[in-house]
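Presented below is the structure to which this report refers.
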Amino acid sequence: MTASRIVIENCAIATVDAQDTEYASGHVVIAGDRVESVGAGPAPQGLADVVRRIDGTGHLLTPGLVNTHHHFYQWITRGLATDHNLFNWLVALYPTWARIDEPMVRAAAQGSLAMLARGGVTTAMDHHYVYPRGSGDLTGAIIGAAKETGVRFTLARGSMDRGESDGGLPPDFAVETLEGALAATEETVDTYHDASFDAMTQIAVAPCSPFSVTTELMKQGAELARRKGVRLHTHGSETVEEEQFCKELFGMGPTDYFESTGWLGSDVWMAHCVHMNDSDIAAFARTGTGVAHCPSSNARLAAGIARVPDMLAAGVPVGLGVDGTASNESGELHTELRNALLINRLGAHREAALNARQALRLGTYGGAQVLGRADQIGSVEAGKLADLVLWKLDTVAHSSIADPVTALVFGAAAPVTLSLVGGRTVVEDNHLTTVDEDAVARSTRSEARRLARIAADG
């Protein structure tokens, strides 16, 4: 049976392939869920089974954006503790987060995913690590929301087993036991992980952070992930305080601690990695450990400027992350392209830190690398999955910027005319086609108010 085809033509194209191939005016042919061809000029004549033909005049086509770090549940606690550093922010918000339940998490996931998808994200991820006792099926709620939205999705099944009484930051009733966390994580992998080329749902093993989990959970979590053949994710080197915590508790810095617990490797990616010295970066490069760079969240929490140019020069895989919307209230990844470029230019490399095409690569192919899916997504190439975005650049917002990639990265946030995931339409004319945005807004408002009431009652 011949696959139906979609043809997009007359648009600028940034393929983000190994050669950074671009076309000032080109075409993409999609057959089924794959890119069949991409090239300059109009699409070939005489194509059979074309079900849709799109005129992309005034647009830039890129790979879909790939988000590599997020906490969906935080959607319903936005705008709180706005003048805190990381540790104080966590202490302020953990008592509220410890009261989340299944309806809250479902609504928060729907809100987070809606904003991601509307902004060109075709592959999302969620690092969920708060599992209060008796809170319901939080994993099922998150994965269900991703299926409804229609994006490709990685759930990093998080865990915490170091509560306040053991020197950790979260309340004791918000953490799991070592045995319970490992068993629930393994069950999540067995139930939901899909290792196939066109998988819509994948699972990673993801203890939260060195200051909220025990060394035994880190070690056994890594062993579990490798036994199951899935990836590993956690927070690393986010703040100066974290580094001091690791040295006081473990007698070594975060990177050395991660290596001692089996947490460096080509199947691992870390969120943030702001405070990395030369030997830390060399260790990541040597082992192929990836980084989720979260520029807006790092700035929001005054964590610092990650050494992204040095990581890239060393060969460290780097993608972009929104982080949770309690520390990046916009919840949008496409704005992180611009913020990554601008914030890194405040660092040591100044104007040479990143350029527009490097920023786009971070948000697409770089993200695919750290999620272990670079052979499937992240660039516009024949044989890859048809996860594509058509950005509208012919309005007044971008009217005087000649180069389309510069317009996308340096300019105002561009509307999404079309977003495809495996050739299926998720966004059209800047609106989701898969879910009712107004209903999502109502639900998230309601659940945010309910959580606030519960938290206020103690």
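Order determines the names: the first chain of the structure tokens is A, the second B, and so forth; residues in each chain are numbered 1 upward, and ligands are numbered 1 upward as they are shown.
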Could you list, with a cut-off of 8 Å and counting only C-alpha atoms, the residues of stretch 38-141 of chain A near stretch 374-388 of chain A, each shown with its nearest atom pair and the distance in Å rounded to one decimal, rows sorted by chain and ascending number, as a Markdown table?
```
| residue | atom | partner | partner_atom | distance |
| --- | --- | --- | --- | --- |
| A:Val38 | CA | A:Glu381 | CA | 6.7 |
| A:Leu61 | CA | A:Leu388 | CA | 7.0 |
| A:Thr62 | CA | A:Leu388 | CA | 6.0 |
| A:Pro63 | CA | A:Leu388 | CA | 4.6 |
| A:Gly64 | CA | A:Leu388 | CA | 4.6 |
| A:Leu65 | CA | A:Gly378 | CA | 7.4 |
| A:Val66 | CA | A:Gly378 | CA | 7.3 |
| A:Thr122 | CA | A:Asp387 | CA | 6.2 |
```
Counting only C-alpha atoms, what is within 7 Å of stretch 286-293 of chain A, bar same-chain residues fewer than 3 positions away, as a PyMOL selection string? chain A and resi 68-69+264-273+282-283+316-321+370
Expected file contents, prior selection, N, CA, C and O atoms, as a PDB file, in the first residue's frame:
```
ATOM      1  N   THR A  68      14.301  19.165  26.374  1.00  0.00           N
ATOM      2  CA  THR A  68      15.082  18.138  27.064  1.00  0.00           C
ATOM      3  C   THR A  68      15.010  18.197  28.583  1.00  0.00           C
ATOM      4  O   THR A  68      15.621  17.378  29.254  1.00  0.00           O
ATOM      5  N   HIS A  69      14.259  19.185  29.134  1.00  0.00           N
ATOM      6  CA  HIS A  69      14.111  19.216  30.601  1.00  0.00           C
ATOM      7  C   HIS A  69      12.887  20.049  30.961  1.00  0.00           C
ATOM      8  O   HIS A  69      12.722  21.169  30.478  1.00  0.00           O
ATOM      9  N   LEU A 264      27.867   8.861  34.682  1.00  0.00           N
ATOM     10  CA  LEU A 264      28.405   9.500  33.482  1.00  0.00           C
ATOM     11  C   LEU A 264      28.370   8.464  32.374  1.00  0.00           C
ATOM     12  O   LEU A 264      28.645   7.291  32.596  1.00  0.00           O
ATOM     13  N   GLY A 265      28.011   8.884  31.159  1.00  0.00           N
ATOM     14  CA  GLY A 265      27.959   7.949  30.043  1.00  0.00           C
ATOM     15  C   GLY A 265      27.132   8.492  28.904  1.00  0.00           C
ATOM     16  O   GLY A 265      26.392   9.473  29.062  1.00  0.00           O
ATOM     17  N   SER A 266      27.232   7.872  27.757  1.00  0.00           N
ATOM     18  CA  SER A 266      26.513   8.333  26.559  1.00  0.00           C
ATOM     19  C   SER A 266      25.014   8.110  26.656  1.00  0.00           C
ATOM     20  O   SER A 266      24.261   8.583  25.800  1.00  0.00           O
ATOM     21  N   ASP A 267      24.565   7.391  27.697  1.00  0.00           N
ATOM     22  CA  ASP A 267      23.134   7.181  27.916  1.00  0.00           C
ATOM     23  C   ASP A 267      22.596   8.099  29.015  1.00  0.00           C
ATOM     24  O   ASP A 267      21.476   7.910  29.495  1.00  0.00           O
ATOM     25  N   VAL A 268      23.384   9.105  29.409  1.00  0.00           N
ATOM     26  CA  VAL A 268      23.020  10.005  30.507  1.00  0.00           C
ATOM     27  C   VAL A 268      22.925  11.438  29.983  1.00  0.00           C
ATOM     28  O   VAL A 268      23.739  11.864  29.161  1.00  0.00           O
ATOM     29  N   TRP A 269      21.925  12.187  30.465  1.00  0.00           N
ATOM     30  CA  TRP A 269      21.967  13.643  30.284  1.00  0.00           C
ATOM     31  C   TRP A 269      21.559  14.318  31.572  1.00  0.00           C
ATOM     32  O   TRP A 269      20.733  13.818  32.326  1.00  0.00           O
ATOM     33  N   MET A 270      22.216  15.453  31.841  1.00  0.00           N
ATOM     34  CA  MET A 270      22.012  16.213  33.076  1.00  0.00           C
ATOM     35  C   MET A 270      21.351  17.549  32.761  1.00  0.00           C
ATOM     36  O   MET A 270      21.656  18.178  31.747  1.00  0.00           O
ATOM     37  N   ALA A 271      20.499  17.997  33.662  1.00  0.00           N
ATOM     38  CA  ALA A 271      19.909  19.324  33.529  1.00  0.00           C
ATOM     39  C   ALA A 271      20.808  20.367  34.171  1.00  0.00           C
ATOM     40  O   ALA A 271      21.362  20.141  35.243  1.00  0.00           O
ATOM     41  N   HIS A 272      20.954  21.491  33.483  1.00  0.00           N
ATOM     42  CA  HIS A 272      21.589  22.724  33.959  1.00  0.00           C
ATOM     43  C   HIS A 272      23.114  22.736  33.751  1.00  0.00           C
ATOM     44  O   HIS A 272      23.610  23.442  32.890  1.00  0.00           O
ATOM     45  N   CYS A 273      23.882  22.058  34.608  1.00  0.00           N
ATOM     46  CA  CYS A 273      25.345  22.016  34.464  1.00  0.00           C
ATOM     47  C   CYS A 273      25.929  23.418  34.341  1.00  0.00           C
ATOM     48  O   CYS A 273      26.726  23.703  33.452  1.00  0.00           O
ATOM     49  N   ALA A 282      35.574  18.156  30.517  1.00  0.00           N
ATOM     50  CA  ALA A 282      36.359  17.084  29.884  1.00  0.00           C
ATOM     51  C   ALA A 282      35.777  15.720  30.209  1.00  0.00           C
ATOM     52  O   ALA A 282      35.732  14.825  29.350  1.00  0.00           O
ATOM     53  N   ALA A 283      35.302  15.531  31.438  1.00  0.00           N
ATOM     54  CA  ALA A 283      34.703  14.244  31.822  1.00  0.00           C
ATOM     55  C   ALA A 283      33.411  13.990  31.055  1.00  0.00           C
ATOM     56  O   ALA A 283      33.147  12.861  30.598  1.00  0.00           O
ATOM     57  N   VAL A 316      30.644  17.992  23.895  1.00  0.00           N
ATOM     58  CA  VAL A 316      29.558  17.557  24.779  1.00  0.00           C
ATOM     59  C   VAL A 316      28.219  17.755  24.062  1.00  0.00           C
ATOM     60  O   VAL A 316      27.955  18.833  23.533  1.00  0.00           O
ATOM     61  N   PRO A 317      27.345  16.752  24.019  1.00  0.00           N
ATOM     62  CA  PRO A 317      26.008  16.945  23.447  1.00  0.00           C
ATOM     63  C   PRO A 317      25.192  17.909  24.321  1.00  0.00           C
ATOM     64  O   PRO A 317      25.100  17.709  25.537  1.00  0.00           O
ATOM     65  N   VAL A 318      24.611  18.936  23.709  1.00  0.00           N
ATOM     66  CA  VAL A 318      23.845  19.932  24.457  1.00  0.00           C
ATOM     67  C   VAL A 318      22.516  20.187  23.761  1.00  0.00           C
ATOM     68  O   VAL A 318      22.481  20.437  22.551  1.00  0.00           O
ATOM     69  N   GLY A 319      21.425  20.110  24.516  1.00  0.00           N
ATOM     70  CA  GLY A 319      20.107  20.487  24.028  1.00  0.00           C
ATOM     71  C   GLY A 319      19.536  21.597  24.888  1.00  0.00           C
ATOM     72  O   GLY A 319      20.175  22.062  25.836  1.00  0.00           O
ATOM     73  N   LEU A 320      18.325  22.041  24.578  1.00  0.00           N
ATOM     74  CA  LEU A 320      17.668  23.102  25.331  1.00  0.00           C
ATOM     75  C   LEU A 320      16.518  22.555  26.162  1.00  0.00           C
ATOM     76  O   LEU A 320      15.855  21.594  25.766  1.00  0.00           O
ATOM     77  N   GLY A 321      16.280  23.208  27.301  1.00  0.00           N
ATOM     78  CA  GLY A 321      15.163  22.840  28.149  1.00  0.00           C
ATOM     79  C   GLY A 321      14.426  24.059  28.661  1.00  0.00           C
ATOM     80  O   GLY A 321      15.039  25.099  28.926  1.00  0.00           O
ATOM     81  N   VAL A 370      20.651  14.370  22.998  1.00  0.00           N
ATOM     82  CA  VAL A 370      20.654  14.059  24.426  1.00  0.00           C
ATOM     83  C   VAL A 370      19.512  13.119  24.806  1.00  0.00           C
ATOM     84  O   VAL A 370      19.615  12.416  25.819  1.00  0.00           O
TER      85      VAL A 370
END
```
So which residues touch A:Glu329 within 8 Å, counting only C-alpha atoms, skipping near sequence neighbours fewer than 4 positions away, as an mmCIF file with N, CA and C atoms, in the first residue's frame?
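Result file follows (part_3.cif):
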```cif
data_model
loop_
_atom_site.group_PDB
_atom_site.id
_atom_site.type_symbol
_atom_site.label_atom_id
_atom_site.label_comp_id
_atom_site.auth_asym_id
_atom_site.auth_seq_id
_atom_site.Cartn_x
_atom_site.Cartn_y
_atom_site.Cartn_z
ATOM 1 N N TRP A 75 3.243 23.814 36.404
ATOM 2 C CA TRP A 75 2.356 24.732 35.688
ATOM 3 C C TRP A 75 1.333 25.371 36.624
ATOM 4 N N ARG A 78 2.835 28.564 39.087
ATOM 5 C CA ARG A 78 3.607 29.639 38.451
ATOM 6 C C ARG A 78 3.459 30.943 39.231
ATOM 7 N N GLY A 79 4.486 31.787 39.133
ATOM 8 C CA GLY A 79 4.420 33.127 39.703
ATOM 9 C C GLY A 79 4.628 33.193 41.199
ATOM 10 N N GLY A 324 10.928 23.653 34.679
ATOM 11 C CA GLY A 324 9.572 23.782 35.179
ATOM 12 C C GLY A 324 9.073 25.210 35.113
ATOM 13 N N THR A 325 7.757 25.356 34.955
ATOM 14 C CA THR A 325 7.191 26.696 34.776
ATOM 15 C C THR A 325 7.037 27.464 36.088
#
```
Taking 4 positions as the minimum chain separation for residues in the same chain, which residues sit within 12 Å of A:Pro44 when counting only C-alpha atoms? Answer as a PyMOL selection string. chain A and resi 7-9+26-29+36-40+48+50
Hey, what's within 10 Å of A:Ser4 if we count only C-alpha atoms and toss same-chain stuff fewer than 3 positions away? As an MDAnalysis selection string, please? chainID A and resid 1 30:33 48:52 423
Would you export the selected residues with all heavy atoms as a PDB file, in the first residue's frame, please?
```
ATOM      1  N   MET A   1       0.836  -1.193   0.000  1.00  0.00           N
ATOM      2  CA  MET A   1       0.000   0.000   0.000  1.00  0.00           C
ATOM      3  C   MET A   1       0.874   1.247   0.000  1.00  0.00           C
ATOM      4  O   MET A   1       1.788   1.383   0.821  1.00  0.00           O
ATOM      5  CB  MET A   1      -0.919   0.010   1.226  1.00  0.00           C
ATOM      6  CG  MET A   1      -1.850   1.206   1.281  1.00  0.00           C
ATOM      7  SD  MET A   1      -2.951   1.081   2.709  1.00  0.00           S
ATOM      8  CE  MET A   1      -3.799   2.648   2.551  1.00  0.00           C
ATOM      9  N   ILE A  30       6.658  14.558   2.268  1.00  0.00           N
ATOM     10  CA  ILE A  30       6.443  13.632   3.385  1.00  0.00           C
ATOM     11  C   ILE A  30       5.619  12.461   2.868  1.00  0.00           C
ATOM     12  O   ILE A  30       4.579  12.655   2.231  1.00  0.00           O
ATOM     13  CB  ILE A  30       5.692  14.333   4.526  1.00  0.00           C
ATOM     14  CG1 ILE A  30       6.516  15.510   5.052  1.00  0.00           C
ATOM     15  CG2 ILE A  30       5.347  13.359   5.642  1.00  0.00           C
ATOM     16  CD1 ILE A  30       5.699  16.519   5.824  1.00  0.00           C
ATOM     17  N   ALA A  31       6.092  11.257   3.129  1.00  0.00           N
ATOM     18  CA  ALA A  31       5.352  10.042   2.768  1.00  0.00           C
ATOM     19  C   ALA A  31       5.055   9.277   4.043  1.00  0.00           C
ATOM     20  O   ALA A  31       5.975   8.794   4.715  1.00  0.00           O
ATOM     21  CB  ALA A  31       6.157   9.190   1.793  1.00  0.00           C
ATOM     22  N   GLY A  32       3.780   9.204   4.400  1.00  0.00           N
ATOM     23  CA  GLY A  32       3.425   8.571   5.663  1.00  0.00           C
ATOM     24  C   GLY A  32       3.958   9.382   6.818  1.00  0.00           C
ATOM     25  O   GLY A  32       3.691  10.572   6.934  1.00  0.00           O
ATOM     26  N   ASP A  33       4.767   8.754   7.682  1.00  0.00           N
ATOM     27  CA  ASP A  33       5.308   9.468   8.839  1.00  0.00           C
ATOM     28  C   ASP A  33       6.765   9.874   8.654  1.00  0.00           C
ATOM     29  O   ASP A  33       7.397  10.348   9.587  1.00  0.00           O
ATOM     30  CB  ASP A  33       5.174   8.614  10.105  1.00  0.00           C
ATOM     31  CG  ASP A  33       6.031   7.350  10.062  1.00  0.00           C
ATOM     32  OD1 ASP A  33       6.575   7.008   8.987  1.00  0.00           O
ATOM     33  OD2 ASP A  33       6.159   6.696  11.118  1.00  0.00           O
ATOM     34  N   ALA A  48       2.533  10.764  -6.773  1.00  0.00           N
ATOM     35  CA  ALA A  48       1.240  10.097  -6.570  1.00  0.00           C
ATOM     36  C   ALA A  48       0.768  10.240  -5.133  1.00  0.00           C
ATOM     37  O   ALA A  48       1.561  10.467  -4.219  1.00  0.00           O
ATOM     38  CB  ALA A  48       1.373   8.618  -6.930  1.00  0.00           C
ATOM     39  N   ASP A  49      -0.533  10.111  -4.948  1.00  0.00           N
ATOM     40  CA  ASP A  49      -1.144  10.054  -3.617  1.00  0.00           C
ATOM     41  C   ASP A  49      -0.849  11.282  -2.755  1.00  0.00           C
ATOM     42  O   ASP A  49      -0.680  11.176  -1.535  1.00  0.00           O
ATOM     43  CB  ASP A  49      -0.701   8.785  -2.873  1.00  0.00           C
ATOM     44  CG  ASP A  49      -1.073   7.528  -3.611  1.00  0.00           C
ATOM     45  OD1 ASP A  49      -2.268   7.350  -3.898  1.00  0.00           O
ATOM     46  OD2 ASP A  49      -0.170   6.734  -3.926  1.00  0.00           O
ATOM     47  N   VAL A  50      -0.788  12.465  -3.381  1.00  0.00           N
ATOM     48  CA  VAL A  50      -0.601  13.699  -2.629  1.00  0.00           C
ATOM     49  C   VAL A  50      -1.950  14.126  -2.049  1.00  0.00           C
ATOM     50  O   VAL A  50      -2.891  14.431  -2.785  1.00  0.00           O
ATOM     51  CB  VAL A  50      -0.023  14.817  -3.519  1.00  0.00           C
ATOM     52  CG1 VAL A  50       0.049  16.134  -2.742  1.00  0.00           C
ATOM     53  CG2 VAL A  50       1.364  14.425  -4.031  1.00  0.00           C
ATOM     54  N   VAL A  51      -2.064  14.121  -0.726  1.00  0.00           N
ATOM     55  CA  VAL A  51      -3.329  14.455  -0.067  1.00  0.00           C
ATOM     56  C   VAL A  51      -3.376  15.912   0.387  1.00  0.00           C
ATOM     57  O   VAL A  51      -4.442  16.446   0.692  1.00  0.00           O
ATOM     58  CB  VAL A  51      -3.581  13.540   1.145  1.00  0.00           C
ATOM     59  CG1 VAL A  51      -3.738  12.092   0.684  1.00  0.00           C
ATOM     60  CG2 VAL A  51      -2.462  13.655   2.183  1.00  0.00           C
ATOM     61  N   ARG A  52      -2.199  16.540   0.423  1.00  0.00           N
ATOM     62  CA  ARG A  52      -2.167  17.943   0.816  1.00  0.00           C
ATOM     63  C   ARG A  52      -0.934  18.609   0.209  1.00  0.00           C
ATOM     64  O   ARG A  52       0.164  18.048   0.236  1.00  0.00           O
ATOM     65  CB  ARG A  52      -2.135  18.086   2.339  1.00  0.00           C
ATOM     66  CG  ARG A  52      -2.302  19.524   2.807  1.00  0.00           C
ATOM     67  CD  ARG A  52      -2.432  19.626   4.313  1.00  0.00           C
ATOM     68  NE  ARG A  52      -2.675  21.006   4.712  1.00  0.00           N
ATOM     69  CZ  ARG A  52      -2.664  21.460   5.962  1.00  0.00           C
ATOM     70  NH1 ARG A  52      -2.437  20.611   6.954  1.00  0.00           N
ATOM     71  NH2 ARG A  52      -2.881  22.738   6.232  1.00  0.00           N
ATOM     72  N   GLY A 423       4.167  13.442  10.501  1.00  0.00           N
ATOM     73  CA  GLY A 423       3.259  13.777   9.406  1.00  0.00           C
ATOM     74  C   GLY A 423       1.851  14.124   9.841  1.00  0.00           C
ATOM     75  O   GLY A 423       1.023  14.494   9.008  1.00  0.00           O
TER      76      GLY A 423
END
```
Any idea what the distance is between atom CA of A:Leu362 and atom CA of A:Ala314?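 For atom CA of A:Leu362 relative to atom CA of A:Ala314, the distance reads 14.9 Å.
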Please provide as a PyMOL selection string all residues within 6 Å of A:His128, with the sequence filter that same-chain residues fewer than 4 positions apart are discarded (counting only C-alpha atoms). chain A and resi 71+157-158
Keeping N, CA, C and O atoms, export the residues of the selection given above as a PDB file, in the first residue's frame.
```pdb
ATOM      1  N   HIS A  71       9.377  20.206  34.169  1.00  0.00           N
ATOM      2  CA  HIS A  71       8.604  19.650  35.282  1.00  0.00           C
ATOM      3  C   HIS A  71       7.166  20.128  35.089  1.00  0.00           C
ATOM      4  O   HIS A  71       6.803  21.224  35.512  1.00  0.00           O
ATOM      5  N   ARG A 157      11.104   9.250  34.680  1.00  0.00           N
ATOM      6  CA  ARG A 157      10.423   8.866  35.924  1.00  0.00           C
ATOM      7  C   ARG A 157      11.365   9.162  37.088  1.00  0.00           C
ATOM      8  O   ARG A 157      12.307   8.448  37.369  1.00  0.00           O
ATOM      9  N   GLY A 158      11.074  10.266  37.767  1.00  0.00           N
ATOM     10  CA  GLY A 158      11.928  10.711  38.848  1.00  0.00           C
ATOM     11  C   GLY A 158      11.595  10.046  40.169  1.00  0.00           C
ATOM     12  O   GLY A 158      10.652   9.260  40.288  1.00  0.00           O
TER      13      GLY A 158
END
```
Would you list the contacts of stretch 353-357 of chain A as a list of chain:residue names, taking every protein, DNA or RNA residue within 6 Å and counting only C-alpha atoms, but skipping same-chain residues closer than 3 positions in sequence? A:Pro309, A:Leu341, A:Asn344, A:Arg345, A:His349, A:Arg350, A:Leu360, A:Thr406, A:Val409
